[in-house]
Each structure stands twice: as structure tokens, then as C-alpha cells.
file final.cif (mmCIF, C-alpha atoms and all ligand atoms)
data_target
#
loop_
_atom_site.label_atom_id
_atom_site.label_comp_id
_atom_site.auth_asym_id
_atom_site.auth_seq_id
_atom_site.Cartn_x
_atom_site.Cartn_y
_atom_site.Cartn_z
CA MET A 1 0.00 0.00 0.00
CA SER A 2 1.40 3.39 -0.90
CA ALA A 3 1.92 6.22 1.57
CA ARG A 4 -1.16 8.31 2.15
CA ILE A 5 -0.86 11.83 3.48
CA ALA A 6 -3.17 14.47 4.94
CA THR A 7 -2.77 17.73 6.85
CA ALA A 8 -5.40 19.11 9.21
CA LEU A 9 -5.69 22.26 11.26
CA ALA A 10 -7.59 22.70 14.54
CA HIS A 11 -8.01 25.53 17.02
CA PRO A 12 -7.93 25.38 20.82
CA ASN A 13 -11.16 25.88 22.73
CA ILE A 14 -12.01 27.29 26.13
CA ALA A 15 -14.70 25.65 28.23
CA LEU A 16 -17.39 27.99 29.52
CA ALA A 17 -19.02 25.09 31.40
CA LYS A 18 -16.10 22.95 32.54
CA TYR A 19 -15.40 19.27 32.06
CA TRP A 20 -13.67 17.98 35.20
CA GLY A 21 -13.84 14.29 36.12
CA LYS A 22 -14.31 11.05 34.20
CA ARG A 23 -16.74 8.17 34.33
CA PRO A 24 -15.13 5.17 35.98
CA GLY A 25 -14.32 2.50 33.39
CA PRO A 26 -12.89 2.49 29.87
CA GLY A 27 -13.19 5.01 27.03
CA ASN A 28 -12.27 8.37 28.63
CA PHE A 29 -15.90 9.42 29.08
CA PRO A 30 -16.49 12.73 30.90
CA ALA A 31 -18.52 12.59 34.10
CA VAL A 32 -20.16 15.95 33.41
CA PRO A 33 -21.37 17.82 30.33
CA SER A 34 -19.32 20.77 29.09
CA LEU A 35 -19.78 23.70 26.75
CA SER A 36 -16.96 25.59 25.05
CA VAL A 37 -16.06 28.23 22.53
CA THR A 38 -13.57 27.39 19.77
CA LEU A 39 -10.96 30.12 19.26
CA ALA A 40 -9.79 31.67 16.01
CA GLY A 41 -6.25 32.75 15.26
CA LEU A 42 -4.32 30.16 17.23
CA ALA A 43 -3.96 26.73 15.66
CA THR A 44 -2.29 23.33 15.61
CA ARG A 45 -1.34 22.02 12.16
CA THR A 46 -0.76 18.26 11.93
CA THR A 47 0.39 16.09 9.02
CA VAL A 48 -0.06 12.31 9.05
CA VAL A 49 1.64 10.01 6.54
CA PHE A 50 0.91 6.27 6.56
CA ASP A 51 4.10 4.68 5.28
CA ASP A 52 4.81 0.96 4.76
CA ALA A 53 8.51 1.60 5.27
CA LEU A 54 8.05 2.55 8.94
CA GLU A 55 8.47 0.01 11.75
CA ASN A 56 6.86 2.20 14.42
CA ASP A 57 4.73 5.30 14.55
CA ALA A 58 7.01 8.34 14.65
CA LEU A 59 5.84 11.59 16.20
CA VAL A 60 7.42 15.02 16.07
CA LEU A 61 5.66 17.72 18.10
CA ASN A 62 6.89 21.29 17.75
CA GLY A 63 10.16 20.08 16.26
CA GLU A 64 10.89 17.51 18.99
CA VAL A 65 10.44 13.75 19.01
CA ALA A 66 7.42 13.04 21.24
CA GLU A 67 7.69 10.54 24.07
CA GLY A 68 5.71 9.49 27.11
CA GLU A 69 2.03 10.19 27.65
CA ALA A 70 1.44 12.42 24.58
CA SER A 71 3.06 9.86 22.30
CA ALA A 72 1.15 6.93 23.88
CA ARG A 73 -2.18 8.69 23.40
CA ALA A 74 -1.36 9.49 19.78
CA VAL A 75 -0.36 5.87 19.06
CA GLN A 76 -3.64 4.66 20.59
CA LEU A 77 -5.52 7.05 18.32
CA LEU A 78 -3.61 5.77 15.28
CA ASP A 79 -4.33 2.15 16.33
CA ARG A 80 -8.07 2.93 16.34
CA VAL A 81 -7.81 4.47 12.88
CA ARG A 82 -5.90 1.40 11.62
CA ALA A 83 -8.50 -0.95 13.12
CA ALA A 84 -11.41 0.98 11.56
CA SER A 85 -9.81 1.53 8.14
CA GLY A 86 -7.97 -1.74 7.65
CA ARG A 87 -4.77 0.17 6.95
CA LYS A 88 -1.78 -1.67 8.39
CA SER A 89 1.15 0.72 8.00
CA LYS A 90 2.64 2.85 10.72
CA ALA A 91 2.42 6.61 10.53
CA ARG A 92 4.71 9.60 10.62
CA VAL A 93 3.05 12.48 12.49
CA THR A 94 4.38 16.03 12.40
CA SER A 95 2.52 18.56 14.49
CA ALA A 96 3.17 22.20 15.35
CA ASN A 97 1.34 24.89 17.28
CA ASP A 98 1.48 28.46 16.04
CA PHE A 99 0.94 29.65 19.60
CA PRO A 100 3.52 29.33 22.40
CA THR A 101 3.09 26.38 24.76
CA ALA A 102 3.33 28.79 27.68
CA SER A 103 0.53 30.92 26.26
CA GLY A 104 -1.97 29.67 28.80
CA LEU A 105 -3.95 27.74 26.23
CA ALA A 106 -3.94 23.98 26.42
CA SER A 107 -2.64 22.48 23.19
CA SER A 108 -4.11 19.00 23.75
CA ALA A 109 -7.56 20.00 22.44
CA SER A 110 -6.28 21.45 19.16
CA GLY A 111 -3.52 18.81 18.98
CA PHE A 112 -5.74 15.72 19.24
CA GLY A 113 -8.47 17.43 17.18
CA ALA A 114 -6.04 18.01 14.30
CA LEU A 115 -4.51 14.53 14.69
CA ALA A 116 -7.91 12.79 14.60
CA LEU A 117 -8.91 14.62 11.42
CA ALA A 118 -5.54 14.22 9.68
CA ALA A 119 -5.26 10.50 10.57
CA THR A 120 -8.77 9.54 9.40
CA THR A 121 -8.27 11.51 6.17
CA ALA A 122 -4.81 10.06 5.49
CA ALA A 123 -6.20 6.55 6.10
CA GLY A 124 -8.73 7.20 3.36
CA MET A 125 -11.67 6.84 5.74
CA ASP A 126 -14.95 8.45 4.93
CA ALA A 127 -15.58 9.14 8.62
CA ASP A 128 -18.34 11.55 9.62
CA ALA A 129 -17.65 14.47 11.94
CA ALA A 130 -19.15 12.68 14.94
CA TRP A 131 -16.82 9.68 14.50
CA VAL A 132 -13.80 11.99 14.31
CA SER A 133 -14.95 13.96 17.36
CA ASP A 134 -15.44 10.72 19.33
CA LEU A 135 -11.97 9.56 18.23
CA ALA A 136 -10.38 12.81 19.47
CA ARG A 137 -12.37 12.59 22.75
CA ARG A 138 -10.84 9.23 23.56
CA SER A 139 -7.38 10.83 23.64
CA SER A 140 -8.42 14.05 25.38
CA ALA A 141 -12.09 14.79 26.04
CA SER A 142 -11.78 18.54 25.44
CA ALA A 143 -10.43 17.75 21.93
CA ALA A 144 -13.86 16.42 20.88
CA ARG A 145 -15.09 20.03 21.01
CA SER A 146 -12.29 21.49 18.82
CA LEU A 147 -13.60 19.60 15.77
CA PHE A 148 -16.44 22.12 15.61
CA GLY A 149 -16.53 25.90 15.39
CA GLY A 150 -18.33 28.45 17.54
CA PHE A 151 -20.11 27.28 20.68
CA VAL A 152 -19.94 23.54 21.22
CA GLU A 153 -21.40 21.08 23.71
CA LEU A 154 -20.06 17.73 24.88
CA ALA A 155 -22.52 15.62 26.89
CA ALA A 156 -21.47 13.47 29.84
CA GLY A 157 -20.67 9.86 29.06
CA PRO A 158 -22.81 6.85 30.02
CA VAL A 159 -22.83 6.15 33.77
CA HIS A 160 -21.28 2.68 33.34
CA PRO A 161 -19.48 2.82 29.98
CA ARG A 162 -18.53 -0.42 28.21
CA GLY A 163 -15.99 1.69 26.35
CA ASP A 164 -17.25 1.37 22.79
CA GLU A 165 -20.15 3.86 22.98
CA VAL A 166 -19.89 6.86 20.66
CA LEU A 167 -19.84 10.26 22.35
CA ALA A 168 -19.19 13.22 20.06
CA ALA A 169 -19.39 16.95 20.62
CA VAL A 170 -22.25 18.89 19.01
CA PRO A 171 -22.09 22.45 17.66
CA LEU A 172 -24.74 24.71 19.24
CA ALA A 173 -24.17 28.14 17.67
CA PRO A 174 -21.82 29.67 15.08
CA PRO A 175 -18.82 31.88 16.01
CA SER A 176 -20.88 34.99 15.17
CA HIS A 177 -23.46 34.13 17.86
CA PHE A 178 -21.73 36.40 20.39
CA ASP A 179 -19.35 39.23 19.48
CA ILE A 180 -16.90 38.50 22.25
CA VAL A 181 -13.20 38.53 23.04
CA VAL A 182 -11.33 36.16 25.34
CA LEU A 183 -8.44 37.97 27.01
CA VAL A 184 -5.89 35.39 28.05
CA CYS A 185 -3.97 36.96 30.91
CA VAL A 186 -0.73 35.01 31.10
CA THR A 187 0.60 34.92 34.66
CA THR A 188 3.54 32.98 36.04
CA GLU A 189 5.54 30.96 33.54
CA GLY A 190 7.04 28.85 36.32
CA ALA A 191 6.74 25.16 37.07
CA LYS A 192 4.35 23.07 35.01
CA ALA A 193 1.00 22.66 36.71
CA THR A 194 -0.57 19.26 37.46
CA ALA A 195 -1.85 17.90 34.13
CA SER A 196 -5.63 17.99 33.90
CA THR A 197 -5.94 14.18 33.64
CA ASP A 198 -4.03 13.83 36.94
CA GLY A 199 -5.78 16.79 38.55
CA MET A 200 -9.20 15.28 37.92
CA LYS A 201 -8.10 11.87 39.13
CA ILE A 202 -6.88 13.32 42.44
CA THR A 203 -10.02 15.45 42.78
CA ALA A 204 -12.28 12.41 42.24
CA ALA A 205 -10.32 10.30 44.72
CA GLU A 206 -9.72 12.85 47.45
CA SER A 207 -11.97 15.89 47.29
CA PRO A 208 -14.83 16.04 49.80
CA TYR A 209 -16.53 18.34 47.28
CA TYR A 210 -16.25 16.14 44.19
CA ALA A 211 -19.79 14.81 44.71
CA ALA A 212 -21.04 18.40 45.00
CA TRP A 213 -19.27 19.26 41.73
CA LEU A 214 -20.83 16.24 39.99
CA ALA A 215 -24.26 17.42 41.13
CA GLU A 216 -23.72 21.09 40.31
CA ALA A 217 -21.87 20.91 36.95
CA PRO A 218 -24.80 19.54 34.88
CA ARG A 219 -27.11 22.23 36.32
CA LEU A 220 -24.62 25.00 35.53
CA CYS A 221 -24.08 23.63 32.02
CA ALA A 222 -27.84 23.40 31.34
CA HIS A 223 -28.44 26.96 32.55
CA LEU A 224 -25.47 28.23 30.57
CA LYS A 225 -26.75 26.56 27.41
CA GLU A 226 -30.18 28.09 27.98
CA ALA A 227 -28.66 31.57 28.44
CA LEU A 228 -26.44 31.12 25.39
CA LEU A 229 -29.27 30.04 23.12
CA ALA A 230 -31.43 32.89 24.43
CA GLY A 231 -28.64 35.32 23.44
CA ASP A 232 -28.11 36.45 27.05
CA LEU A 233 -24.40 37.21 26.95
CA GLU A 234 -23.94 38.47 30.49
CA ARG A 235 -25.77 35.52 32.07
CA THR A 236 -23.69 33.14 29.91
CA PHE A 237 -20.49 34.78 31.16
CA ALA A 238 -21.68 34.81 34.79
CA LEU A 239 -22.44 31.09 34.65
CA ALA A 240 -19.06 30.42 33.01
CA GLU A 241 -17.33 32.10 35.95
CA ARG A 242 -19.42 30.07 38.40
CA SER A 243 -18.50 26.85 36.61
CA ALA A 244 -14.78 27.65 36.72
CA LEU A 245 -14.91 28.59 40.41
CA ALA A 246 -16.88 25.46 41.32
CA MET A 247 -14.44 23.26 39.40
CA HIS A 248 -11.44 24.85 41.08
CA ALA A 249 -13.10 24.70 44.52
CA SER A 250 -13.57 20.94 44.16
CA ALA A 251 -9.94 20.53 43.05
CA LEU A 252 -8.61 22.83 45.77
CA ALA A 253 -10.25 20.72 48.48
CA ALA A 254 -8.13 17.79 47.26
CA GLY A 255 -4.96 19.90 47.39
CA VAL A 256 -4.94 20.43 43.62
CA SER A 257 -4.31 24.15 43.29
CA TYR A 258 -3.71 25.92 40.00
CA PHE A 259 -3.74 29.34 41.67
CA ARG A 260 -0.67 31.50 41.90
CA GLY A 261 -0.48 34.93 43.49
CA ALA A 262 -1.06 36.65 40.15
CA THR A 263 -4.11 34.45 39.50
CA LEU A 264 -5.82 35.81 42.61
CA GLU A 265 -4.81 39.38 41.77
CA ALA A 266 -6.27 38.97 38.28
CA LEU A 267 -9.52 37.49 39.63
CA ARG A 268 -9.79 40.37 42.09
CA GLU A 269 -9.34 42.88 39.25
CA VAL A 270 -12.10 41.24 37.20
CA HIS A 271 -14.44 41.61 40.17
CA ALA A 272 -13.34 45.23 40.66
CA LEU A 273 -14.01 45.98 36.98
CA ARG A 274 -17.52 44.58 37.36
CA ALA A 275 -18.10 46.74 40.41
CA LYS A 276 -17.24 49.72 38.17
CA GLY A 277 -19.87 48.64 35.64
CA HIS A 278 -17.80 46.67 33.12
CA VAL A 279 -19.05 43.41 31.68
CA ALA A 280 -16.09 41.12 32.43
CA TYR A 281 -16.05 37.58 33.83
CA ALA A 282 -13.21 35.19 34.52
CA THR A 283 -12.54 31.57 33.72
CA MET A 284 -9.50 29.36 34.38
CA ASP A 285 -8.36 25.94 33.29
CA ALA A 286 -5.71 23.60 34.68
CA GLY A 287 -3.13 26.36 34.94
CA PRO A 288 -2.50 29.71 36.65
CA HIS A 289 -3.70 31.94 33.81
CA VAL A 290 -6.94 33.89 33.94
CA LYS A 291 -9.08 34.18 30.83
CA VAL A 292 -11.38 37.18 30.86
CA LEU A 293 -14.60 36.99 28.86
CA VAL A 294 -15.76 40.35 27.54
CA PRO A 295 -18.05 41.75 24.83
CA ARG A 296 -15.86 43.18 22.05
CA SER A 297 -16.88 46.73 23.02
CA GLU A 298 -15.18 46.23 26.44
CA ALA A 299 -12.02 44.51 25.20
CA ASP A 300 -9.67 47.51 25.08
CA ALA A 301 -10.63 48.96 28.44
CA VAL A 302 -10.55 45.61 30.22
CA ALA A 303 -7.26 44.54 28.58
CA LYS A 304 -5.67 47.82 29.69
CA ALA A 305 -6.77 47.28 33.30
CA MET A 306 -5.70 43.61 33.32
CA ALA A 307 -2.25 44.51 31.92
CA GLU A 308 -1.63 46.58 35.05
CA VAL A 309 -2.33 43.71 37.44
CA PRO A 310 0.92 42.74 39.22
CA GLY A 311 2.08 39.40 37.82
CA VAL A 312 0.17 39.56 34.55
CA LEU A 313 2.98 39.18 32.02
CA ARG A 314 1.10 39.64 28.77
CA ILE A 315 -2.36 39.43 27.29
CA LEU A 316 -3.41 37.40 24.27
CA ARG A 317 -6.65 38.18 22.48
CA ALA A 318 -8.80 35.45 20.95
CA VAL A 319 -12.24 35.50 19.35
CA PRO A 320 -14.70 32.71 18.46
CA GLY A 321 -13.53 30.71 15.46
CA GLU A 322 -14.19 27.82 13.09
CA GLY A 323 -13.84 24.09 13.60
CA ALA A 324 -11.07 21.79 12.41
CA ARG A 325 -10.47 21.42 8.67
CA VAL A 326 -8.40 19.43 6.23
CA GLU A 327 -5.86 21.51 4.36
CA PRO A 328 -5.74 21.13 0.58
C1 LIG A 401 -9.94 22.29 32.81
O1 LIG A 401 -9.47 17.35 28.00
O2 LIG A 401 -7.20 17.93 28.95
O3 LIG A 401 -9.56 22.38 30.46
O4 LIG A 401 -9.58 14.06 28.80
O5 LIG A 401 -7.87 13.79 30.57
O6 LIG A 401 -7.19 14.70 28.34
P1 LIG A 401 -8.30 14.57 29.37
O7 LIG A 401 -8.54 16.04 29.94
P2 LIG A 401 -8.58 17.44 29.18
O8 LIG A 401 -9.27 18.31 30.31
C2 LIG A 401 -9.66 19.64 30.14
C3 LIG A 401 -10.00 20.23 31.45
C4 LIG A 401 -10.32 21.72 31.45
C5 LIG A 401 -11.81 21.98 31.25
C6 LIG A 401 -12.37 21.78 29.87
O9 LIG A 401 -11.67 22.01 28.86
O10 LIG A 401 -13.57 21.44 29.79
#

call {"tool": "encode", "arguments": {"input": "final.cif", "output": "C-alpha cells"}}
result
Amino acid sequence: MSARIATALAHPNIALAKYWGKRPGPGNFPAVPSLSVTLAGLATRTTVVFDDALENDALVLNGEVAEGEASARAVQLLDRVRAASGRKSKARVTSANDFPTASGLASSASGFGALALAATTAAGMDADAAWVSDLARRSSASAARSLFGGFVELAAGPVHPRGDEVLAAVPLAPPSHFDIVVLVCVTTEGAKATASTDGMKITAAESPYYAAWLAEAPRLCAHLKEALLAGDLERTFALAERSALAMHASALAAGVSYFRGATLEALREVHALRAKGHVAYATMDAGPHVKVLVPRSEADAVAKAMAEVPGVLRILRAVPGEGARVEP
């Protein structure tokens, strides 16, 4: 069989209603529903070549040979594509982000989103978007959402998964639905934070508030979806902040803290800006950076104030964007 090649591009996404925690059992199924916005501008570009001459899958991420967890997850994804397509050869994967790793945006969502699309295309599969989203989810659940543009939902998995159930993300509204800007306030660039997979595992095992999070997260996500579809921007933002704080509270109670001094200063400033009448709400993922959600009309004023917060090193602007696509 001759080498088959495809290149795909995917953007990162930021969860407004957070995914935190997995169903026990196989398949990497989330324990709670989540809702995100896919971001324009920043992207991961991944090329997959199936090549009979290779003895093993070979992965190069951002110019370096990938090893460990990232490589193992990618090989598992490629194994699923081989099993579904009947293609036997190993693959060469070259992947690069056009945004810095320390930018405060997780690259696993765009990375596995782009890999899933490039691998199925290179294998010659005629896979539908849901199959590709499910494939990406198995490597990193947030990646399921990066296959689609705009505002995207990922339901919780089955309570007792067998492992082979399909769970794909679903687009809810196009990027133009809300004219918003996400201000990524990059704080400390110090030690690497606990990876989200590990953070959720520790939270589930040790947090006295994990059960409360499991009960609250679906309610928050449902209300957020309602507000979003009703076009109520401020209520959507307010619920996004609540979701982030509830997620971090459950993690914190297990000793999993992503907060640094600058994180708290930035959160305080967002609250102060609201007290002055600005529409600005905060969200945070498994890292110390604070992402401020604002209507476009507020972006300049809020970015200026956030840039003055002690410990905020720089601010990246992102807006809602399109889903993953195959490059010609
Ligand atoms: C805080 O998708 O990275 O960003 O499925 O274990 O790879 P795995 O986890 P991952 O977790 C993302 C966690 C989050 C919230 C979110 O994106 O919903």
C-alpha cells in the first residue's frame, strides 16, 4: 500500500461550562457535560503520513520527538484508525502549534483534534464528523469540542461505559453568535502545573466536594446553554465564571491548586471591573492563567486594566472561530 498523506488544522477551545472528572471505566468518558467556545487565530497544524517503510509510529511535536504520555495517546488514536480503516502501516506524524506552549492555552484539544482529522483523512476513511470527534475525545475529552466551530457542547458519558459507545461533541451556535473577546492573561511561567488528567483523578479520589461538583456541573451547564441560546451574553459569562470557580473549589479541596499569586490578583481585578460597571467575567483551566470573557466593546478597556495587574505578564486576544479542517 502506498503512503497516504493528509494535513489538518484545529483551534484550541475554552470551556465555559467545565469538564472535570471522568466516568469510571474504559473510554475516557467525561462525568459531566461541558460547553466551550472554539478560538480563532491560534492553531495546531498536523500532518499524518501512513508509510509501509516505517516500523513504528514516529511523532514530532513542535520540532521535537514526542515521548511518554502524549506519544502513547497518539499511538492509541492511530491504532483505532488502523482498526477501523484496515490500513496496516505505521504513521509519521508532524505537528506544530502556532501559539507558544506557555501561552496559557492547552494544546491538547487542538492537537488531538487536528490529529484525529488528519489521521482519518490520510487513512482514506470516509468518517463523519461525529466519529472523528469521538476519536479525538478518547485521547483528550476537550479535543472532541475542537472539531467544531463556535459554541460547542459535549454531553457526559454513560454512567457505566462499556468503552465502545460513541460520544461526540455537538455544535450549538456559530462563532458569530456572540461578538466576544477572550483575554488570556498570562501569569507565572514557572513550574508546570498538574496535568488535567491527573488533577481530575486526584479530585475524584480525594476531594470532599467532588460529589457536590458532579451534582452542580450539569445544572450550571444546562443553565449556561439556555442563556447562550437565548442570546443572554452576560448571564452566559456569569455562569461560566461560576462553573470555573466550582471546578477549582472541588480541586482545591483535594490539594490540587492551580492558583498563583497573580491568578488571585487577576480574579480580584475582574471583580473590581464589574463593580465599576464593566461586563467582564473570569474563567480558568488547569493552569494559573486567567481568561477574561468580555463583549468586544469592552475589550480595550478591560485589557488595559488587566495589563496593570501585578504578575500579569502579557495578554493574548482570541475571538470565536471555526472548527477543524483538512488543508488542501
Ligand atoms: C480544565 O481534556 O485535557 O480544560 O480528557 O484527561 O485529556 P483529558 O482532559 P482534558 O481536560 C480539560 C480540562 C479543562 C476543562 C475543559 O476544557 O472542559

call {"tool": "closest_atom_pairs", "arguments": {"input": "final.cif", "of": "range 106-153 of chain A", "to": "range 70-77 of chain A", "cutoff": "8 Å", "atoms": "all atoms listed in the file", "output": "Markdown table"}}
result
| residue | atom | partner | partner_atom | distance |
| --- | --- | --- | --- | --- |
| A:Phe112 | CA | A:Ala74 | CA | 7.6 |
| A:Leu115 | CA | A:Ala74 | CA | 7.8 |
| A:Ala116 | CA | A:Leu77 | CA | 7.2 |
| A:Leu135 | CA | A:Leu77 | CA | 6.9 |
| A:Ala136 | CA | A:Leu77 | CA | 7.6 |
| A:Arg138 | CA | A:Leu77 | CA | 7.8 |
| A:Ser139 | CA | A:Arg73 | CA | 5.6 |

call {"tool": "atom_distance", "arguments": {"input": "final.cif", "atom1": "CA of Ala6 in chain A", "atom2": "CA of Ala129 in chain A"}}
result
16.1 Å

call {"tool": "closest_residue", "arguments": {"input": "final.cif", "among": "A:Val65, A:Leu313, A:Leu59, A:Ala122", "to": "Arg87 in chain A", "atoms": "all atoms listed in the file"}}
result
A:Ala122

call {"tool": "residues_around", "arguments": {"input": "final.cif", "residues": "range 26-41 of chain A", "least_positions_apart": "2", "cutoff": "8 Å", "atoms": "all atoms listed in the file", "output": "ChimeraX atom specification"}}
result
/A:11-24,43,137-141,145-146,148-159,161-164,167,175,214,217-218,221,225,318-323

call {"tool": "residues_near_point", "arguments": {"input": "final.cif", "point": "(8.0, -0.3, 7.2)", "cutoff": "10 Å", "atoms": "all atoms listed in the file", "output": "number ranges by chain"}}
result
A: 50-57, 88-91

call {"tool": "atom_distance", "arguments": {"input": "final.cif", "atom1": "CA of Thr187 in chain A", "atom2": "CA of Leu264 in chain A"}}
result
10.3 Å

call {"tool": "closest_residue", "arguments": {"input": "final.cif", "among": "A:Ala130, A:Ala114, A:Leu42, A:Ala143", "to": "ligand LIG 401 (chain A)", "atoms": "all atoms listed in the file"}}
result
A:Ala143
